[in-house]
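> The structure that follows is given in the form of structure tokens.
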Amino acid sequence: MCGIVGIVGRNDATEVLLNGLEKLEYRGYDSAGIYVSQGLNKGSLVKVKGKIADLRAAVHQEDVGNIGIGHTRWATHGQPSKANAHPQSSADGRFYLVHNGVLENYESLKAQYLNDIKLQSQTDTEVAVNLVATLVQKEKMSVLAAWQKMVQLVKGSYAFVLIDRENPQQLYVAKNKSPLLIGTGATFNGVCSDSLALLNVTNSFIELHDGDTAVISSQEIKIFGQKNEAVKRKTYSVTLNQDDLGKGTYPYYMLKEINEQPAVLRFLEKTYLNETGKAVFDSRLLDQLAQAEKIYFVAAGTSYHAGLVGKALIEKLAQIPVSVELASEFGYHLPILAKNPFFIFLSQSGETADSRQVLLKIKKLGYPSLTITNVDHSTLSREADFTVLLHAGPEIAVASTKAYTAQITVVALLAQALRQKLDPDVINFDLKQQLSLAANGIQTLIDQQELIEQLAKDYFSKTRNAFYIGRGQDYYASREAALKLKEISYIQTEGFAAGELKHGTISLIELGTPVIALITDPETADLTRGNLKEVEARGAHTLTIASENLAQSKDQIIVPQIDPLLSPLLTVIPAQLLAYFATIQRGYNVDQPRNLAKSVTVE
Ligand code: AGP
């Protein structure tokens with residue numbers, strides 16, 4: 001999940017690289033580096049263990065040039081260190097390579113081709129760059145032939161960009177499974193793993209396909225397909241504005257993105273509901289969905305949790321059976337599928353490798369697919385039969401917030417469209433009104449930050465573990481609430497079915513263990529309150545988040561009343577803010593938690 005930037009044909013190459021890496025830092029941030037060339041056999045390689053700010057501090061004024069490559073790393077092979085940071089160079093110092101992905105056969109390639117080379121790092125990338133050098137030196141190949149040969153020899157995922165010190169006028173590019181785009185300009189060209197990196201110099205991009213290689217200079221872009229044949233790829237414009245990219249007045253992207261949720265829901269309501277309150281989607285998509293005997297949600301992490309909430313929405317509103325699958329499991333353990341299944345991929349980034357491998361498999365089986373994503377032209381978006389966009393604006397914080405509520409909203413809108421198509425009278429559900437209540441309700445909860453900040457202090461300042469519990473939609477919201485708290489504050493947190501605790505896990509409850517209950521469903525409210533009593537009897541420090549129609553005097557957080565089907569849109573807000581404040585109070589980096597990256601493009 002690393003970030004890659006390259007540029008050729010601009011004298012401010014170093015600044016373009018550093019600025020681009022800063023925009024990509026959310027993709028991986030344990031080490032970073034750049035290589036810029038000042039001409040034939042003259043260049044600067046600067047690498048650090050640490051963040052882009054450390055890299056910027058290590059760059060000197062002579063480290064300039066009009067061509068360069070940069071990389072910010074999320075370690076896969078070899079711990080975070082300067083030696084393992086990219087660019088990785090060949091032993092003869094001629095070639096410099098940045099890479100995002102995992103090469104499965106690097107050890108066998110090393111044994112077969114590089115026996116006489118003493119490697120300086122533990123990375124698979126260093127094997128790839130030395131392979132190019134060896135093919136040029138020993139087999140007298142041209143650099144392009146060696147580049148394309150290396151790409152054919154490696155197995156696995158890669159986004160590669162290489163510079164040849166002896167010909168510093170062009171970048172060699174290759175892509176397979178890991179995202180990589182070419183950014184085009186009038187007098188320069190660039191390459192990046194996410195358009196955010198080059199938006200300040202261009203908004204015109206070319207998508208590369210798996211197996212493509214390319215050679216780009218300031219004036220020319222040559223792209224080759226898997227058989228090294230010249231190919232043309234689609235150009236598209238990215239219409240993000242710059243202030244979408246900054247934190248504005250917020251201290252962290254996560255807080256900005258939490259605050260953007262009411263606006264996102266209102267925009268989705270406007271985008272997908274017409275003035276009569278009817279949900280409007282591509283009729284071909286609705287036709288295929290309506291014929292499905294079963295719908296399968298496939299996702300990871302927070303998106304998987306959104307799918308858990310979406311299941312009840314589609315089953316209640318459209319009466320179509322739904323199954324929610326963890327991408328990393330589903331792809332390798334396909335269950336007996338329904339006769340005419342339909343697959344919906346939920347993915348904020350549209351680049352999650354676990355999800356993408358499933359998409360490739362079900363496409364091979366000839367099944368229809370939809371990707372619901374926040375990134376247009378992303379891999380999962382391009383490769384599915386249909387795409388529906390979340391329109392949530394860039395989500396930079398590693399902890400996903402607005403994408404989660406946007407995904408639930410889009411699934412609700414889709415379920416409404418299916419209801420309209422299949423049987424308008426199946427349930428009386430005024431989604432337009434419910435979404436407007438939800439947007440206002442989210443704002444009401446965001447406005448209670450002071451209360452929530454204090455609760456974070458009261459409940460989480462000393463604990464090592466915590467539980468969120470609930471039933472039905474409250475259970476599914478508990479799963480997401482737990483992920484928020486654990487992934488940024490490092491408090492071991494579980495989201496648990498309230499009724500299931502007493503079947504074993506209640507043994508973990510000790511004096512002071514925080515247990516947060518979500519209570520929004522009249523059907524099960526009393527049962528969950530009973531489960532709260534069970535844990536309180538064993539010393540738990542309980543906190544209740546209840547909807548106003550079910551609230552009792554001692555409940556700490558009251559969420560405005562909306563249909564229980566949509567209650568996760570509200571109950572997740574205090575959970576997001578509790579996680580945010582707990583993390584701040586522990587002194588950790590809210591936006592860049594340890595060991596994580598925003599887009600997980602390796603399996
Ligand atoms: C959630 O806060 C995490 N960032 C992570 O679980 C994320 O949701 C997961 O990696 C899936 O990402 P995607 O939505 O981009 O596919």
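How things are named: the first chain in the structure tokens is A, the next is B, and so on; residues count from 1 in each chain; ligands count from 1 in the order shown.
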Could you pull out the residues sitting within 9 Å of ligand 1, using only C-alpha atoms and all ligand atoms, and write them as number ranges by chain?

A: 299-305, 345-355, 373-374, 397-401, 403-404, 480, 483-484, 487-488, 596-601

> Include N, CA, C and O atoms and write out the residues we just selected as a compact mmCIF listing (two decimals), in the first residue's frame.


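Written file, result.txt:
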```txt
# COMPACT_ATOMS: atom_id res chain seq x y z
N ALA A 299 -16.42 -7.57 0.80
CA ALA A 299 -15.70 -6.38 1.26
C ALA A 299 -14.72 -6.75 2.36
O ALA A 299 -14.64 -7.91 2.77
N ALA A 300 -14.01 -5.71 2.84
CA ALA A 300 -13.05 -5.89 3.94
C ALA A 300 -13.25 -4.77 4.94
O ALA A 300 -13.76 -3.69 4.59
N GLY A 301 -12.87 -5.01 6.17
CA GLY A 301 -12.81 -3.94 7.18
C GLY A 301 -14.11 -3.18 7.36
O GLY A 301 -15.19 -3.76 7.43
N THR A 302 -13.98 -1.87 7.37
CA THR A 302 -15.16 -1.02 7.57
C THR A 302 -16.20 -1.25 6.49
O THR A 302 -17.41 -1.25 6.75
N SER A 303 -15.75 -1.49 5.27
CA SER A 303 -16.70 -1.71 4.17
C SER A 303 -17.49 -2.99 4.40
O SER A 303 -18.68 -3.07 4.07
N TYR A 304 -16.84 -3.97 4.99
CA TYR A 304 -17.55 -5.20 5.35
C TYR A 304 -18.62 -4.90 6.40
O TYR A 304 -19.76 -5.37 6.30
N HIS A 305 -18.27 -4.05 7.34
CA HIS A 305 -19.25 -3.68 8.38
C HIS A 305 -20.44 -2.94 7.77
O HIS A 305 -21.58 -3.08 8.20
N PHE A 345 -19.48 -5.22 -4.61
CA PHE A 345 -18.20 -4.97 -3.93
C PHE A 345 -18.26 -3.59 -3.28
O PHE A 345 -18.52 -2.60 -3.96
N LEU A 346 -18.07 -3.58 -1.98
CA LEU A 346 -18.03 -2.30 -1.24
C LEU A 346 -16.56 -1.99 -0.98
O LEU A 346 -15.85 -2.78 -0.37
N SER A 347 -16.12 -0.84 -1.45
CA SER A 347 -14.70 -0.50 -1.27
C SER A 347 -14.49 1.01 -1.41
O SER A 347 -14.66 1.56 -2.49
N GLN A 348 -14.10 1.66 -0.31
CA GLN A 348 -13.85 3.10 -0.37
C GLN A 348 -12.80 3.41 -1.41
O GLN A 348 -13.04 4.24 -2.27
N SER A 349 -11.70 2.71 -1.38
CA SER A 349 -10.57 3.01 -2.28
C SER A 349 -10.76 2.44 -3.68
O SER A 349 -10.19 2.89 -4.64
N GLY A 350 -11.53 1.34 -3.76
CA GLY A 350 -11.65 0.66 -5.05
C GLY A 350 -10.38 -0.06 -5.45
O GLY A 350 -10.20 -0.47 -6.60
N GLU A 351 -9.43 -0.22 -4.48
CA GLU A 351 -8.13 -0.84 -4.81
C GLU A 351 -7.80 -2.02 -3.90
O GLU A 351 -6.73 -2.58 -4.01
N THR A 352 -8.67 -2.40 -2.99
CA THR A 352 -8.37 -3.45 -2.02
C THR A 352 -8.14 -4.78 -2.72
O THR A 352 -9.04 -5.31 -3.39
N ALA A 353 -6.90 -5.29 -2.56
CA ALA A 353 -6.51 -6.50 -3.30
C ALA A 353 -7.38 -7.69 -2.90
O ALA A 353 -7.78 -8.50 -3.76
N ASP A 354 -7.72 -7.81 -1.62
CA ASP A 354 -8.56 -8.94 -1.18
C ASP A 354 -9.89 -8.94 -1.94
O ASP A 354 -10.40 -10.00 -2.31
N SER A 355 -10.44 -7.77 -2.15
CA SER A 355 -11.74 -7.69 -2.84
C SER A 355 -11.57 -7.91 -4.33
O SER A 355 -12.37 -8.58 -4.98
N THR A 373 -18.08 2.53 -4.66
CA THR A 373 -16.76 3.02 -4.25
C THR A 373 -16.71 4.55 -4.21
O THR A 373 -17.57 5.22 -4.77
N ASN A 374 -15.66 5.05 -3.54
CA ASN A 374 -15.48 6.49 -3.44
C ASN A 374 -14.51 7.01 -4.49
O ASN A 374 -14.25 8.21 -4.55
N ALA A 397 -7.90 10.03 6.08
CA ALA A 397 -7.58 9.36 7.36
C ALA A 397 -7.67 7.86 7.17
O ALA A 397 -8.59 7.37 6.49
N VAL A 398 -6.74 7.13 7.76
CA VAL A 398 -6.75 5.67 7.61
C VAL A 398 -8.05 5.11 8.18
O VAL A 398 -8.67 4.22 7.62
N ALA A 399 -8.51 5.65 9.29
CA ALA A 399 -9.76 5.18 9.89
C ALA A 399 -10.93 5.71 9.07
O ALA A 399 -11.16 6.91 8.98
N SER A 400 -11.65 4.81 8.46
CA SER A 400 -12.73 5.19 7.55
C SER A 400 -13.96 5.64 8.35
O SER A 400 -14.39 4.94 9.27
N THR A 401 -14.52 6.78 7.99
CA THR A 401 -15.69 7.30 8.71
C THR A 401 -16.80 7.65 7.71
O THR A 401 -17.80 6.95 7.62
N ALA A 403 -16.94 7.30 4.59
CA ALA A 403 -17.19 6.26 3.58
C ALA A 403 -18.18 5.23 4.13
O ALA A 403 -19.05 4.74 3.40
N TYR A 404 -18.07 4.94 5.42
CA TYR A 404 -18.97 3.96 6.06
C TYR A 404 -20.42 4.45 6.00
O TYR A 404 -21.31 3.74 5.52
N GLU A 480 -18.34 -2.11 13.81
CA GLU A 480 -17.61 -0.95 13.24
C GLU A 480 -17.08 -0.07 14.36
O GLU A 480 -15.94 0.41 14.31
N LEU A 483 -13.90 -1.48 15.67
CA LEU A 483 -12.76 -1.31 14.76
C LEU A 483 -12.21 0.12 14.86
O LEU A 483 -11.00 0.33 14.91
N LYS A 484 -13.10 1.09 14.92
CA LYS A 484 -12.64 2.48 15.05
C LYS A 484 -11.75 2.64 16.27
O LYS A 484 -10.67 3.19 16.20
N GLU A 487 -8.31 0.46 16.06
CA GLU A 487 -7.30 0.68 15.00
C GLU A 487 -6.53 1.98 15.19
O GLU A 487 -5.45 2.15 14.64
N ILE A 488 -7.07 2.90 16.01
CA ILE A 488 -6.30 4.14 16.17
C ILE A 488 -5.83 4.37 17.61
O ILE A 488 -4.81 5.00 17.84
N LEU A 596 -0.68 0.37 9.86
CA LEU A 596 -1.81 0.41 8.93
C LEU A 596 -1.50 1.25 7.70
O LEU A 596 -0.50 1.96 7.67
N ALA A 597 -2.35 1.15 6.70
CA ALA A 597 -2.29 2.03 5.53
C ALA A 597 -3.73 2.19 5.05
O ALA A 597 -4.59 1.36 5.37
N LYS A 598 -3.96 3.20 4.26
CA LYS A 598 -5.34 3.53 3.91
C LYS A 598 -5.91 2.55 2.88
O LYS A 598 -7.08 2.17 2.96
N SER A 599 -5.06 2.17 1.95
CA SER A 599 -5.60 1.31 0.89
C SER A 599 -4.73 0.06 0.84
O SER A 599 -3.53 0.14 0.58
N VAL A 600 -5.33 -1.10 1.14
CA VAL A 600 -4.54 -2.33 1.30
C VAL A 600 -4.48 -3.06 -0.05
O VAL A 600 -5.37 -3.84 -0.40
N THR A 601 -3.43 -2.74 -0.81
CA THR A 601 -3.36 -3.27 -2.19
C THR A 601 -2.50 -4.52 -2.27
O THR A 601 -2.00 -4.87 -3.34
```

> Please identify every residue of segment 115-135 of chain A that has at least one atom no farther than 6 Å from an atom of segment 75-85 of chain A, counting only C-alpha atoms, and for each give the shortest atom pair and the distance in Å to one decimal, arranged by chain then increasing number, as CSV.


```
residue,atom,partner,partner_atom,distance
A:Ser121,CA,A:Asn84,CA,5.2
A:Gln122,CA,A:Gly78,CA,4.9
A:Thr123,CA,A:His77,CA,5.1
```

> Can you pull out the residues contacting segment 434-437 of chain A? Cut-off 9 Å, using only C-alpha atoms, and skip same-chain residues under 4 positions away; I want them as a list in words.

Pro262, Leu265, Arg266, Glu269, Thr409, Phe429, Asp430, Gly441, Ile442, Pro560, Gln561, Ile562, Asp563 and Leu566 of chain A

> Could you write out, as a PyMOL selection string, all the residues of segment 319-412 of chain A that DSSP marks as alpha helix (DSSP H)?

chain A and resi 327-330+353-364+379-383+402-412

> Taking 6 positions as the minimum chain separation for residues in the same chain, which residues sit within 8 Å of segment 206-223 of chain A when counting only C-alpha atoms? Answer as a PyMOL selection string.

chain A and resi 8-9+148+169-177+180-184+186-190+230-236+377

> Determine, counting only C-alpha atoms, which protein, DNA and RNA residues have an atom within 9 Å of an atom of Glu383 of chain A; residues of the same chain fewer than 5 positions away are not included. Present the result as a ChimeraX atom specification.

/A:356,359-360,363,369,371,378

> Point out the residue among A:Gly39, A:Asp63, A:Glu260, A:Leu162 with the least atom-to-atom distance to Ala439 of chain A, counting only C-alpha atoms.

A:Glu260

> Write out as a PyMOL selection string the set of residues from segment 164-223 of chain A that DSSP, computed on the backbone, places in strand (DSSP E).

chain A and resi 164+171-176+181-184+189-192+204-207+212-216+221-223

> Any idea what's packed within 9 Å of Asp376 of chain A, counting only C-alpha atoms, ignoring anything in its chain fewer than 5 positions away? Could you give it as a PyMOL selection string?

chain A and resi 238+350+381-382+387-389

> How about saving the chosen residues, all heavy atoms kept, as a PDB file, in the first residue's frame?


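Result file result-v6.pdb:
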```
ATOM      1  N   VAL A 238      -9.660  14.302 -13.666  1.00  0.00           N
ATOM      2  CA  VAL A 238     -10.070  14.173 -12.254  1.00  0.00           C
ATOM      3  C   VAL A 238     -10.519  15.549 -11.789  1.00  0.00           C
ATOM      4  O   VAL A 238      -9.785  16.521 -11.891  1.00  0.00           O
ATOM      5  CB  VAL A 238      -8.901  13.653 -11.391  1.00  0.00           C
ATOM      6  CG1 VAL A 238      -9.283  13.708  -9.911  1.00  0.00           C
ATOM      7  CG2 VAL A 238      -8.526  12.239 -11.792  1.00  0.00           C
ATOM      8  N   GLY A 350     -11.527   1.339  -3.759  1.00  0.00           N
ATOM      9  CA  GLY A 350     -11.649   0.657  -5.051  1.00  0.00           C
ATOM     10  C   GLY A 350     -10.375  -0.064  -5.448  1.00  0.00           C
ATOM     11  O   GLY A 350     -10.205  -0.469  -6.596  1.00  0.00           O
ATOM     12  N   SER A 381     -13.734  -0.342  -9.645  1.00  0.00           N
ATOM     13  CA  SER A 381     -14.763   0.385 -10.385  1.00  0.00           C
ATOM     14  C   SER A 381     -14.677   0.026 -11.866  1.00  0.00           C
ATOM     15  O   SER A 381     -15.666  -0.307 -12.501  1.00  0.00           O
ATOM     16  CB  SER A 381     -14.563   1.891 -10.175  1.00  0.00           C
ATOM     17  OG  SER A 381     -15.182   2.621 -11.197  1.00  0.00           O
ATOM     18  N   ARG A 382     -13.473   0.033 -12.400  1.00  0.00           N
ATOM     19  CA  ARG A 382     -13.286  -0.226 -13.830  1.00  0.00           C
ATOM     20  C   ARG A 382     -13.663  -1.661 -14.180  1.00  0.00           C
ATOM     21  O   ARG A 382     -14.215  -1.922 -15.239  1.00  0.00           O
ATOM     22  CB  ARG A 382     -11.815  -0.016 -14.213  1.00  0.00           C
ATOM     23  CG  ARG A 382     -11.369   1.400 -14.353  1.00  0.00           C
ATOM     24  CD  ARG A 382     -10.141   1.465 -15.281  1.00  0.00           C
ATOM     25  NE  ARG A 382      -9.216   0.380 -14.992  1.00  0.00           N
ATOM     26  CZ  ARG A 382      -8.176   0.478 -14.166  1.00  0.00           C
ATOM     27  NH1 ARG A 382      -7.952   1.589 -13.528  1.00  0.00           N
ATOM     28  NH2 ARG A 382      -7.370  -0.532 -13.957  1.00  0.00           N
ATOM     29  N   THR A 387     -20.842   0.572 -11.692  1.00  0.00           N
ATOM     30  CA  THR A 387     -20.228   1.340 -10.591  1.00  0.00           C
ATOM     31  C   THR A 387     -21.254   2.316 -10.043  1.00  0.00           C
ATOM     32  O   THR A 387     -21.981   2.940 -10.817  1.00  0.00           O
ATOM     33  CB  THR A 387     -19.022   2.163 -11.106  1.00  0.00           C
ATOM     34  OG1 THR A 387     -17.976   1.264 -11.446  1.00  0.00           O
ATOM     35  CG2 THR A 387     -18.504   3.098 -10.023  1.00  0.00           C
ATOM     36  N   VAL A 388     -21.331   2.424  -8.726  1.00  0.00           N
ATOM     37  CA  VAL A 388     -22.100   3.505  -8.104  1.00  0.00           C
ATOM     38  C   VAL A 388     -21.134   4.225  -7.168  1.00  0.00           C
ATOM     39  O   VAL A 388     -20.436   3.579  -6.373  1.00  0.00           O
ATOM     40  CB  VAL A 388     -23.308   2.964  -7.315  1.00  0.00           C
ATOM     41  CG1 VAL A 388     -23.944   4.072  -6.481  1.00  0.00           C
ATOM     42  CG2 VAL A 388     -24.346   2.366  -8.268  1.00  0.00           C
ATOM     43  N   LEU A 389     -21.059   5.550  -7.304  1.00  0.00           N
ATOM     44  CA  LEU A 389     -20.057   6.305  -6.546  1.00  0.00           C
ATOM     45  C   LEU A 389     -20.618   6.817  -5.224  1.00  0.00           C
ATOM     46  O   LEU A 389     -21.797   7.142  -5.119  1.00  0.00           O
ATOM     47  CB  LEU A 389     -19.552   7.488  -7.378  1.00  0.00           C
ATOM     48  CG  LEU A 389     -18.749   7.089  -8.627  1.00  0.00           C
ATOM     49  CD1 LEU A 389     -18.353   8.336  -9.409  1.00  0.00           C
ATOM     50  CD2 LEU A 389     -17.516   6.266  -8.264  1.00  0.00           C
TER      51      LEU A 389
END
```

> Expressed in Å to a single decimal, how great is the separation between atom CA of Gln448 of chain A and atom CA of Ile396 of chain A?

23.7 Å

> Got a sec: who's within 12 Å of Lys554 of chain A, counting only C-alpha atoms, leaving out chain neighbours fewer than 6 positions off, as a PyMOL selection string?

chain A and resi 529+542-546

> Store the residues picked out above, limited to all heavy atoms, as a PDB file, in the first residue's frame.


```
ATOM      1  N   ARG A 529     -30.433  -4.374  27.592  1.00  0.00           N
ATOM      2  CA  ARG A 529     -30.269  -3.778  28.935  1.00  0.00           C
ATOM      3  C   ARG A 529     -30.058  -4.886  29.978  1.00  0.00           C
ATOM      4  O   ARG A 529     -29.260  -4.723  30.916  1.00  0.00           O
ATOM      5  CB  ARG A 529     -31.483  -2.926  29.280  1.00  0.00           C
ATOM      6  CG  ARG A 529     -31.557  -1.634  28.449  1.00  0.00           C
ATOM      7  CD  ARG A 529     -32.445  -0.593  29.069  1.00  0.00           C
ATOM      8  NE  ARG A 529     -32.602   0.583  28.218  1.00  0.00           N
ATOM      9  CZ  ARG A 529     -31.739   1.621  28.197  1.00  0.00           C
ATOM     10  NH1 ARG A 529     -30.661   1.585  28.969  1.00  0.00           N
ATOM     11  NH2 ARG A 529     -31.937   2.648  27.396  1.00  0.00           N
ATOM     12  N   THR A 542     -20.083   0.504  32.379  1.00  0.00           N
ATOM     13  CA  THR A 542     -20.938   0.509  31.188  1.00  0.00           C
ATOM     14  C   THR A 542     -21.305   1.916  30.744  1.00  0.00           C
ATOM     15  O   THR A 542     -21.375   2.838  31.549  1.00  0.00           O
ATOM     16  CB  THR A 542     -22.250  -0.277  31.461  1.00  0.00           C
ATOM     17  OG1 THR A 542     -22.912   0.349  32.558  1.00  0.00           O
ATOM     18  CG2 THR A 542     -21.946  -1.734  31.756  1.00  0.00           C
ATOM     19  N   LEU A 543     -21.495   2.043  29.445  1.00  0.00           N
ATOM     20  CA  LEU A 543     -21.884   3.307  28.806  1.00  0.00           C
ATOM     21  C   LEU A 543     -22.994   2.941  27.827  1.00  0.00           C
ATOM     22  O   LEU A 543     -22.856   1.964  27.079  1.00  0.00           O
ATOM     23  CB  LEU A 543     -20.683   3.889  28.060  1.00  0.00           C
ATOM     24  CG  LEU A 543     -20.751   5.299  27.496  1.00  0.00           C
ATOM     25  CD1 LEU A 543     -19.353   5.822  27.177  1.00  0.00           C
ATOM     26  CD2 LEU A 543     -21.612   5.420  26.273  1.00  0.00           C
ATOM     27  N   THR A 544     -24.101   3.696  27.818  1.00  0.00           N
ATOM     28  CA  THR A 544     -25.203   3.349  26.915  1.00  0.00           C
ATOM     29  C   THR A 544     -25.417   4.450  25.892  1.00  0.00           C
ATOM     30  O   THR A 544     -25.478   5.627  26.238  1.00  0.00           O
ATOM     31  CB  THR A 544     -26.511   3.165  27.720  1.00  0.00           C
ATOM     32  OG1 THR A 544     -26.235   2.303  28.815  1.00  0.00           O
ATOM     33  CG2 THR A 544     -27.594   2.558  26.847  1.00  0.00           C
ATOM     34  N   ILE A 545     -25.507   4.035  24.641  1.00  0.00           N
ATOM     35  CA  ILE A 545     -25.841   4.932  23.530  1.00  0.00           C
ATOM     36  C   ILE A 545     -27.214   4.475  23.050  1.00  0.00           C
ATOM     37  O   ILE A 545     -27.341   3.408  22.458  1.00  0.00           O
ATOM     38  CB  ILE A 545     -24.787   4.839  22.401  1.00  0.00           C
ATOM     39  CG1 ILE A 545     -23.400   5.246  22.928  1.00  0.00           C
ATOM     40  CG2 ILE A 545     -25.207   5.710  21.208  1.00  0.00           C
ATOM     41  CD1 ILE A 545     -22.262   5.051  21.925  1.00  0.00           C
ATOM     42  N   ALA A 546     -28.255   5.262  23.372  1.00  0.00           N
ATOM     43  CA  ALA A 546     -29.629   4.800  23.114  1.00  0.00           C
ATOM     44  C   ALA A 546     -30.399   5.825  22.305  1.00  0.00           C
ATOM     45  O   ALA A 546     -30.134   7.035  22.385  1.00  0.00           O
ATOM     46  CB  ALA A 546     -30.341   4.564  24.440  1.00  0.00           C
TER      47      ALA A 546
END
```

> Measure the distance from atom CA of Ala312 of chain A to atom CA of Glu494 of chain A in Å and round it to one decimal.

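Atom CA of Glu494 of chain A lies 21.6 Å from atom CA of Ala312 of chain A.
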
> Pick from A:Val127, A:Val602, A:Leu326, A:Tyr35: nearest to Gly156 of chain A, with only C-alpha atoms counted?

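Answer, going by the shortest atom-to-atom distance: A:Val602.
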
> What is the distance between atom CA of Gln291 of chain A and atom CA of Lys432 of chain A, in Å to one decimal?

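Here the two named atoms are 25.4 Å from each other.
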
> Which residue, A:Asp521, A:Ala482, A:Arg419, A:Ala128, has the smallest gap to Val280 of chain A when you use only C-alpha atoms?

A:Arg419
